[in-house]
Amino acid sequence: LCLPPLAEQKKIASFLSSVDKKINLLTKKKALLETYKKGVMQKIFSQEIRFKDEEGNDFPDWEEKQLGEILSIASGRDYKNLGKGDIPVYGTGGLMTRVDKYLYEGDSVGIGRKGTIDKPVMLRGKFWTVDTLFYTHNFINSTPKFVFYLFQRIAWYRYNEASGVPSLSKKTIEKILKPFPSYREQYKIADFLSSIDKKIEQVDFQLDRNKEFKKGLLQQMFV
């Protein structure tokens, strides 16, 4: 081993410890925000927490509806016959590639048809999905962003239809019964939860930067 003098070892260790401390603090902050979000969502969707309109009045009572009453479920398709382009192609694992055509344009929520069925994703703009990922469209008195948070509250494996690889069907999803707030309260809920998500994303970004910073330092110090 090629070792620096003891005094320099102490300085290096002290400096890297301060970086580790910051990483640990950011990790704890992210975990606390995620726990807070989970608790708040539990209270919102159990209607323990309710929002008010701009005049301070109560919104109407929530109404139970089947998902098929407020949106439609569409299937993804094979993309291998498409050319290269700027349109993102999504599967249950996230972004797969980019192509020159799109399957849908607008805000949508993706949910796994097969494989990972419990990780809803928010989709925006022009996109393509493969056949393992359903996407939502034709929203009726519902906002895509609210549906995204609602989907996070659904115990999807309860609706699994396969004994092997987990699978969902359009009919099963469309029959799921859930209480729905009014259109305006959906916006309030989605905006509130989005603000928490933005804070989590900011902390996550800082965390990644600090981890990369430490990695770069280690590479330069011990080369």
# chains A, B, ... in the order shown; residues from 1 in each chain; ligands from 1
>>> residues_around(residues="Phe192 (chain A)", least_positions_apart="3", cutoff="12 Å", atoms="only C-alpha atoms", output="list in words")
Lys37, Val40, Met41, Ile44, Ile49, Arg50, Phe51, Lys145, Phe146, Tyr149, Glu185, Gln186, Tyr187, Lys188, Ile189, Ser195, Ile196, Asp197, Lys198 and Lys199 of chain A
>>> write_last_selection(atoms="C-alpha atoms", output="PDB file, in the first residue's frame")
ATOM      1  CA  LYS A  37     -46.130  11.735   2.316  1.00  0.00           C
ATOM      2  CA  VAL A  40     -50.681  12.300   4.581  1.00  0.00           C
ATOM      3  CA  MET A  41     -51.913  10.195   1.665  1.00  0.00           C
ATOM      4  CA  ILE A  44     -56.396  12.200   2.476  1.00  0.00           C
ATOM      5  CA  ILE A  49     -58.094  15.323   5.811  1.00  0.00           C
ATOM      6  CA  ARG A  50     -60.366  17.356   3.544  1.00  0.00           C
ATOM      7  CA  PHE A  51     -59.638  20.446   1.461  1.00  0.00           C
ATOM      8  CA  LYS A 145     -52.358  13.677 -11.633  1.00  0.00           C
ATOM      9  CA  PHE A 146     -54.988  12.737  -9.036  1.00  0.00           C
ATOM     10  CA  TYR A 149     -51.788   9.365  -6.620  1.00  0.00           C
ATOM     11  CA  GLU A 185     -60.859  18.938  -4.926  1.00  0.00           C
ATOM     12  CA  GLN A 186     -58.865  16.489  -7.034  1.00  0.00           C
ATOM     13  CA  TYR A 187     -56.776  19.429  -8.246  1.00  0.00           C
ATOM     14  CA  LYS A 188     -56.199  20.615  -4.674  1.00  0.00           C
ATOM     15  CA  ILE A 189     -55.096  17.147  -3.562  1.00  0.00           C
ATOM     16  CA  SER A 195     -45.401  19.880  -3.724  1.00  0.00           C
ATOM     17  CA  ILE A 196     -44.200  17.084  -1.411  1.00  0.00           C
ATOM     18  CA  ASP A 197     -42.908  15.114  -4.397  1.00  0.00           C
ATOM     19  CA  LYS A 198     -40.918  18.152  -5.553  1.00  0.00           C
ATOM     20  CA  LYS A 199     -39.240  18.399  -2.148  1.00  0.00           C
TER      21      LYS A 199
END
>>> select_by_dssp(residues="region 147-192 of chain A", states="alpha helix (DSSP H)", output="ChimeraX atom specification")
/A:147-152,170-175,183-192
>>> residues_around(residues="Gly76 (chain A)", least_positions_apart="6", cutoff="8 Å", atoms="only C-alpha atoms", output="list of chain:residue names")
A:Leu103, A:Trp128, A:Thr129, A:Val130, A:Asp131, A:Thr132, A:Leu133, A:Phe134, A:Tyr135
>>> closest_residue(among="A:Arg113, A:Phe151, A:Glu64, A:Leu26", to="Lys171 (chain A)", atoms="only C-alpha atoms")
A:Arg113
>>> atom_distance(atom1="CA of His137 (chain A)", atom2="CA of Thr97 (chain A)")
22.2 Å
>>> atom_distance(atom1="CA of Lys38 (chain A)", atom2="CA of Ala155 (chain A)")
14.0 Å
>>> residues_around(residues="Gly39 (chain A)", least_positions_apart="6", cutoff="12 Å", atoms="only C-alpha atoms", output="ChimeraX atom specification")
/A:32-33,45-46,48-49,153,193,196
>>> select_by_dssp(residues="region 3-214 of chain A", states="strand (DSSP E)", output="number ranges by chain")
A: 63-66, 72-74, 84-91, 94-99, 104-105, 108-112, 121-123, 126-129, 133-137, 177-180
>>> residues_around(residues="Leu177 (chain A)", least_positions_apart="5", cutoff="7 Å", atoms="only C-alpha atoms", output="compact mmCIF listing (two decimals) with all heavy atoms, in the first residue's frame")
# COMPACT_ATOMS: atom_id res chain seq x y z
N GLU A 64 -68.47 7.04 -4.65
CA GLU A 64 -67.84 5.80 -5.08
C GLU A 64 -68.11 5.56 -6.57
O GLU A 64 -69.25 5.63 -7.02
CB GLU A 64 -68.34 4.62 -4.26
CG GLU A 64 -67.72 4.53 -2.88
CD GLU A 64 -67.70 3.10 -2.36
OE1 GLU A 64 -68.54 2.30 -2.80
OE2 GLU A 64 -66.84 2.80 -1.51
N LYS A 65 -67.03 5.29 -7.30
CA LYS A 65 -67.16 5.02 -8.73
C LYS A 65 -66.19 3.92 -9.12
O LYS A 65 -65.15 3.74 -8.50
CB LYS A 65 -66.83 6.28 -9.54
CG LYS A 65 -67.79 7.44 -9.33
CD LYS A 65 -67.37 8.64 -10.17
CE LYS A 65 -68.29 9.83 -9.94
NZ LYS A 65 -67.87 11.01 -10.75
N GLN A 66 -66.54 3.20 -10.16
CA GLN A 66 -65.60 2.26 -10.74
C GLN A 66 -64.61 3.03 -11.59
O GLN A 66 -64.97 4.05 -12.20
CB GLN A 66 -66.34 1.23 -11.60
CG GLN A 66 -67.18 0.25 -10.79
CD GLN A 66 -67.80 -0.83 -11.67
OE1 GLN A 66 -67.97 -0.65 -12.87
NE2 GLN A 66 -68.13 -1.95 -11.06
N LEU A 67 -63.38 2.56 -11.66
CA LEU A 67 -62.36 3.26 -12.45
C LEU A 67 -62.79 3.40 -13.91
O LEU A 67 -62.47 4.40 -14.56
CB LEU A 67 -61.02 2.52 -12.37
CG LEU A 67 -60.32 2.53 -11.00
CD1 LEU A 67 -58.97 1.83 -11.11
CD2 LEU A 67 -60.13 3.95 -10.48
>>> closest_residue(among="A:Lys10, A:Tyr79, A:Glu69, A:Asp204", to="Ile176 (chain A)", atoms="only C-alpha atoms")
A:Glu69
>>> residues_around(residues="Lys126 (chain A)", least_positions_apart="6", cutoff="9 Å", atoms="only C-alpha atoms", output="PyMOL selection string")
chain A and resi 87-88+101-107
>>> write_last_selection(atoms="C-alpha atoms", output="PDB file, in the first residue's frame")
ATOM      1  CA  ILE A  87     -40.405   9.740 -28.552  1.00  0.00           C
ATOM      2  CA  PRO A  88     -39.800   7.833 -25.287  1.00  0.00           C
ATOM      3  CA  LYS A 101     -43.782   7.732 -33.584  1.00  0.00           C
ATOM      4  CA  TYR A 102     -46.051   8.110 -30.576  1.00  0.00           C
ATOM      5  CA  LEU A 103     -48.924   6.016 -29.288  1.00  0.00           C
ATOM      6  CA  TYR A 104     -50.538   8.757 -27.201  1.00  0.00           C
ATOM      7  CA  GLU A 105     -50.074  12.456 -26.498  1.00  0.00           C
ATOM      8  CA  GLY A 106     -51.090  14.078 -23.224  1.00  0.00           C
ATOM      9  CA  ASP A 107     -51.030  13.387 -19.502  1.00  0.00           C
TER      10      ASP A 107
END
>>> residues_around(residues="region 163-169 of chain A", least_positions_apart="6", cutoff="8 Å", atoms="only C-alpha atoms", output="number ranges by chain")
A: 112-117, 157
